[in-house]
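Participant: The structure is given below, and queries will be raised subsequently.
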Amino acid sequence: MNLTLFGTSFITLFVIMDPPGTVPIFLALTSGRSQRARRRLAQQAALVSLVVISCFAAFGQQILKYLGITVPALEGSGGLLLLLIALELLTGRADEPSEAADVNVAMVPLGTPLLAGPGAIVAVILFVQQIHAVGDFLAVAAAILLTHVIIWLTMRFSVHIIRVIKDSGVTLVTRIAGLLLAAIAVQMVAQSAIAFSKLA
């Protein structure tokens, strides 16, 4: 295994996907659900992200080229989607069980675009371009897998935080998560706009 490529890939993906940073957003999006449901959603979100990242690792360049999609366009659309979710968290709409009961937040927005977002997708595509031997392939694959194991463990054990902060704490976390998510969304849209301006 190429340990240098593994270390670079793992650190990059860990920083971009930010497992600890997903905790408040995960708690906010799963508020009102049972502990068992939260554990299931944590597993599903990590699995969805792993599948999306793996697909883009294998076919990312071909998919974007075939559809004529640029990276800035992917980043901008992801930012707009996250902004809509952030507004729901900030206004309290996401706290209403009747609205969220049938929505699988593990797929959207947790699995993608929050975890498997434009940044992670682009990073994986770039690392795949550095694969020239079996050791390189194993390094990138191990980095992707290890990152998602950490993501799953982080969300899986974040459910214990609920027992400490109670319902009022969840409400506070929800508002903070909404603010942070809105900032992430605006940053993604801004980066997309800057990238488009450079292409013009």
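Every chain in the structure tokens takes a letter, A first, then B, and so on in the order presented; its residues are numbered from 1, and the ligands are numbered from 1 following the presented order.
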Just the residues within 8 Å of Ser192 in chain A, please, counting only C-alpha atoms, with nothing from its chain fewer than 2 positions along; format it as JSON, numbers by chain.

Facilitator: {"A": [72, 73, 75, 76, 188, 189, 190, 194, 195, 196]}

Participant: Residues near range 113-117 of chain A, anyone? I mean within 7 Å using only C-alpha atoms, not counting same-chain ones fewer than 3 positions away, as a list of chain:residue names.

Facilitator: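 Counting only the stated atoms, we get A:Met17, A:Ser49, A:Val52, A:Ile53, A:Gly78, A:Val108, A:Pro109, A:Leu110, A:Ala120, A:Ile121.
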
Participant: Include all heavy atoms and write out the residues we just selected as a compact mmCIF listing (two decimals), in the first residue's frame.

Facilitator:
# COMPACT_ATOMS: atom_id res chain seq x y z
N MET A 17 -14.94 16.31 4.84
CA MET A 17 -16.22 15.73 5.26
C MET A 17 -16.53 16.05 6.73
O MET A 17 -17.69 16.02 7.13
CB MET A 17 -16.22 14.22 5.01
CG MET A 17 -15.98 13.88 3.55
SD MET A 17 -15.95 12.11 3.18
CE MET A 17 -17.71 11.80 3.07
N SER A 49 -23.31 7.97 1.71
CA SER A 49 -22.12 8.75 1.38
C SER A 49 -21.04 7.86 0.77
O SER A 49 -20.40 8.23 -0.21
CB SER A 49 -21.59 9.44 2.64
OG SER A 49 -20.40 10.15 2.36
N VAL A 52 -22.02 6.96 -2.83
CA VAL A 52 -21.88 8.11 -3.74
C VAL A 52 -20.41 8.39 -4.03
O VAL A 52 -20.01 8.57 -5.19
CB VAL A 52 -22.56 9.35 -3.14
CG1 VAL A 52 -22.24 10.59 -3.98
CG2 VAL A 52 -24.06 9.15 -3.06
N ILE A 53 -19.60 8.42 -2.97
CA ILE A 53 -18.17 8.69 -3.15
C ILE A 53 -17.51 7.60 -3.98
O ILE A 53 -16.68 7.88 -4.86
CB ILE A 53 -17.48 8.80 -1.77
CG1 ILE A 53 -17.90 10.09 -1.05
CG2 ILE A 53 -15.97 8.77 -1.93
CD1 ILE A 53 -17.46 11.36 -1.73
N GLY A 78 -25.25 22.06 -4.84
CA GLY A 78 -25.18 21.51 -3.49
C GLY A 78 -25.37 22.58 -2.43
O GLY A 78 -26.04 22.35 -1.41
N VAL A 108 -30.75 12.62 1.93
CA VAL A 108 -30.64 14.06 1.68
C VAL A 108 -31.17 14.78 2.91
O VAL A 108 -32.29 14.51 3.34
CB VAL A 108 -31.46 14.48 0.44
CG1 VAL A 108 -31.36 15.98 0.22
CG2 VAL A 108 -31.01 13.72 -0.80
N PRO A 109 -30.38 15.64 3.55
CA PRO A 109 -29.10 16.18 3.11
C PRO A 109 -27.87 15.52 3.74
O PRO A 109 -26.75 15.92 3.43
CB PRO A 109 -29.20 17.62 3.57
CG PRO A 109 -29.91 17.52 4.88
CD PRO A 109 -30.93 16.40 4.68
N LEU A 110 -28.04 14.53 4.64
CA LEU A 110 -26.87 13.99 5.34
C LEU A 110 -25.92 13.24 4.40
O LEU A 110 -24.75 13.60 4.28
CB LEU A 110 -27.33 13.06 6.47
CG LEU A 110 -27.84 13.74 7.74
CD1 LEU A 110 -28.38 12.71 8.72
CD2 LEU A 110 -26.73 14.54 8.40
N ALA A 120 -15.71 16.75 -1.42
CA ALA A 120 -15.26 15.36 -1.26
C ALA A 120 -15.21 14.65 -2.61
O ALA A 120 -14.29 13.88 -2.89
CB ALA A 120 -16.18 14.61 -0.30
N ILE A 121 -16.20 14.90 -3.45
CA ILE A 121 -16.26 14.26 -4.77
C ILE A 121 -15.06 14.67 -5.63
O ILE A 121 -14.39 13.83 -6.24
CB ILE A 121 -17.59 14.61 -5.47
CG1 ILE A 121 -18.75 13.89 -4.78
CG2 ILE A 121 -17.53 14.22 -6.95
CD1 ILE A 121 -20.11 14.31 -5.28

Participant: As a list of chain:residue names, please: the residues near Gln44 in chain A (cut-off 12 Å, only C-alpha atoms, same-chain neighbours under 6 positions excluded).

Facilitator: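 Here the answer would be A:Ala37, A:Arg38, A:Leu50, A:Val51, A:Asn104, A:Val105, A:Ala106, A:Met107, A:Val108, A:Pro109, A:Leu110, A:Gly111, A:Thr112, A:Leu115, A:His148, A:Val149, A:Ile151, A:Trp152, A:Met155, A:Arg156.
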
Participant: Please determine, counting only C-alpha atoms, which residue among A:Thr174, A:Gln187, A:Thr4, A:Thr147 has the shortest atom-to-atom distance to Pro20 in chain A.

Facilitator: A:Thr147

Participant: Could you give me, as a list in words, the residues within 12 Å of Ser34 in chain A, counting only C-alpha atoms and dropping anything in the same chain fewer than 2 positions from it?

Facilitator: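 My reading of the contact set: Leu27, Thr30, Ser31, Gly32, Arg36, Ala37, Arg38, Arg39, Arg40, Leu41, Pro97, Ala101, Val159, His160, Ile162 and Arg163 of chain A.
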
Participant: Any chance you can output those residues with N, CA, C and O atoms as a PDB file, in the first residue's frame?

Facilitator:
ATOM      1  N   LEU A  27     -27.970  15.669  14.872  1.00  0.00           N
ATOM      2  CA  LEU A  27     -28.898  15.723  16.006  1.00  0.00           C
ATOM      3  C   LEU A  27     -30.114  16.585  15.668  1.00  0.00           C
ATOM      4  O   LEU A  27     -31.237  16.264  16.054  1.00  0.00           O
ATOM      5  N   THR A  30     -32.459  14.786  13.139  1.00  0.00           N
ATOM      6  CA  THR A  30     -33.094  13.573  13.652  1.00  0.00           C
ATOM      7  C   THR A  30     -33.826  13.808  14.969  1.00  0.00           C
ATOM      8  O   THR A  30     -34.172  12.859  15.670  1.00  0.00           O
ATOM      9  N   SER A  31     -34.053  15.069  15.315  1.00  0.00           N
ATOM     10  CA  SER A  31     -34.762  15.370  16.561  1.00  0.00           C
ATOM     11  C   SER A  31     -36.177  14.808  16.506  1.00  0.00           C
ATOM     12  O   SER A  31     -36.827  14.816  15.465  1.00  0.00           O
ATOM     13  N   GLY A  32     -36.650  14.315  17.614  1.00  0.00           N
ATOM     14  CA  GLY A  32     -37.984  13.739  17.681  1.00  0.00           C
ATOM     15  C   GLY A  32     -38.035  12.271  17.287  1.00  0.00           C
ATOM     16  O   GLY A  32     -39.086  11.641  17.371  1.00  0.00           O
ATOM     17  N   ARG A  36     -33.263   4.218  18.416  1.00  0.00           N
ATOM     18  CA  ARG A  36     -33.066   3.167  17.410  1.00  0.00           C
ATOM     19  C   ARG A  36     -33.110   3.756  16.002  1.00  0.00           C
ATOM     20  O   ARG A  36     -32.300   3.396  15.142  1.00  0.00           O
ATOM     21  N   ALA A  37     -34.053   4.682  15.789  1.00  0.00           N
ATOM     22  CA  ALA A  37     -34.175   5.316  14.469  1.00  0.00           C
ATOM     23  C   ALA A  37     -32.930   6.143  14.164  1.00  0.00           C
ATOM     24  O   ALA A  37     -32.444   6.150  13.031  1.00  0.00           O
ATOM     25  N   ARG A  38     -32.407   6.850  15.166  1.00  0.00           N
ATOM     26  CA  ARG A  38     -31.207   7.651  14.960  1.00  0.00           C
ATOM     27  C   ARG A  38     -30.013   6.774  14.603  1.00  0.00           C
ATOM     28  O   ARG A  38     -29.211   7.127  13.732  1.00  0.00           O
ATOM     29  N   ARG A  39     -29.898   5.624  15.278  1.00  0.00           N
ATOM     30  CA  ARG A  39     -28.790   4.718  14.953  1.00  0.00           C
ATOM     31  C   ARG A  39     -28.910   4.200  13.528  1.00  0.00           C
ATOM     32  O   ARG A  39     -27.919   4.077  12.808  1.00  0.00           O
ATOM     33  N   ARG A  40     -30.139   3.909  13.112  1.00  0.00           N
ATOM     34  CA  ARG A  40     -30.359   3.425  11.748  1.00  0.00           C
ATOM     35  C   ARG A  40     -30.031   4.509  10.725  1.00  0.00           C
ATOM     36  O   ARG A  40     -29.402   4.242   9.697  1.00  0.00           O
ATOM     37  N   LEU A  41     -30.437   5.750  11.018  1.00  0.00           N
ATOM     38  CA  LEU A  41     -30.163   6.858  10.111  1.00  0.00           C
ATOM     39  C   LEU A  41     -28.663   7.146  10.012  1.00  0.00           C
ATOM     40  O   LEU A  41     -28.165   7.499   8.944  1.00  0.00           O
ATOM     41  N   PRO A  97     -42.669  16.834  13.650  1.00  0.00           N
ATOM     42  CA  PRO A  97     -42.627  15.443  13.252  1.00  0.00           C
ATOM     43  C   PRO A  97     -43.523  15.134  12.067  1.00  0.00           C
ATOM     44  O   PRO A  97     -43.234  14.291  11.256  1.00  0.00           O
ATOM     45  N   ALA A 101     -41.555  13.098   9.277  1.00  0.00           N
ATOM     46  CA  ALA A 101     -41.685  11.680   9.586  1.00  0.00           C
ATOM     47  C   ALA A 101     -41.390  10.794   8.386  1.00  0.00           C
ATOM     48  O   ALA A 101     -40.807   9.719   8.514  1.00  0.00           O
ATOM     49  N   VAL A 159     -25.821  10.063  19.507  1.00  0.00           N
ATOM     50  CA  VAL A 159     -27.176   9.959  20.064  1.00  0.00           C
ATOM     51  C   VAL A 159     -27.160  10.015  21.587  1.00  0.00           C
ATOM     52  O   VAL A 159     -28.167  10.377  22.212  1.00  0.00           O
ATOM     53  N   HIS A 160     -26.028   9.681  22.181  1.00  0.00           N
ATOM     54  CA  HIS A 160     -25.939   9.730  23.647  1.00  0.00           C
ATOM     55  C   HIS A 160     -25.938  11.164  24.159  1.00  0.00           C
ATOM     56  O   HIS A 160     -26.225  11.408  25.341  1.00  0.00           O
ATOM     57  N   ILE A 162     -28.024  13.363  23.358  1.00  0.00           N
ATOM     58  CA  ILE A 162     -29.425  13.707  23.600  1.00  0.00           C
ATOM     59  C   ILE A 162     -29.799  13.503  25.063  1.00  0.00           C
ATOM     60  O   ILE A 162     -30.548  14.281  25.650  1.00  0.00           O
ATOM     61  N   ARG A 163     -29.269  12.452  25.666  1.00  0.00           N
ATOM     62  CA  ARG A 163     -29.608  12.150  27.059  1.00  0.00           C
ATOM     63  C   ARG A 163     -29.110  13.231  28.017  1.00  0.00           C
ATOM     64  O   ARG A 163     -29.644  13.402  29.106  1.00  0.00           O
TER      65      ARG A 163
END

Participant: Determine the nearest neighbour of Leu84 in chain A from the options A:Leu126, A:Ala193, A:Ala185, A:Leu199, counting only C-alpha atoms.

Facilitator: A:Ala185

Participant: In Å, with one decimal, what is the gap from CA of Arg33 in chain A to CA of Leu180 in chain A?

Facilitator: 21.9 Å

Participant: Smallest atom-to-atom distance to Glu88 in chain A: which of A:Gly7, A:Asp18, A:Ser168, A:Ala28, using only C-alpha atoms?

Facilitator: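 That would be A:Ala28, the residue with the smallest distance to Glu88 in chain A.
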
Participant: Just list as a VMD selection string whatever in range 24-105 of chain A DSSP marks as helix (DSSP H, G or I).

Facilitator: chain A and resid 24 to 29 35 to 67 71 to 91 93 to 95 97 to 100
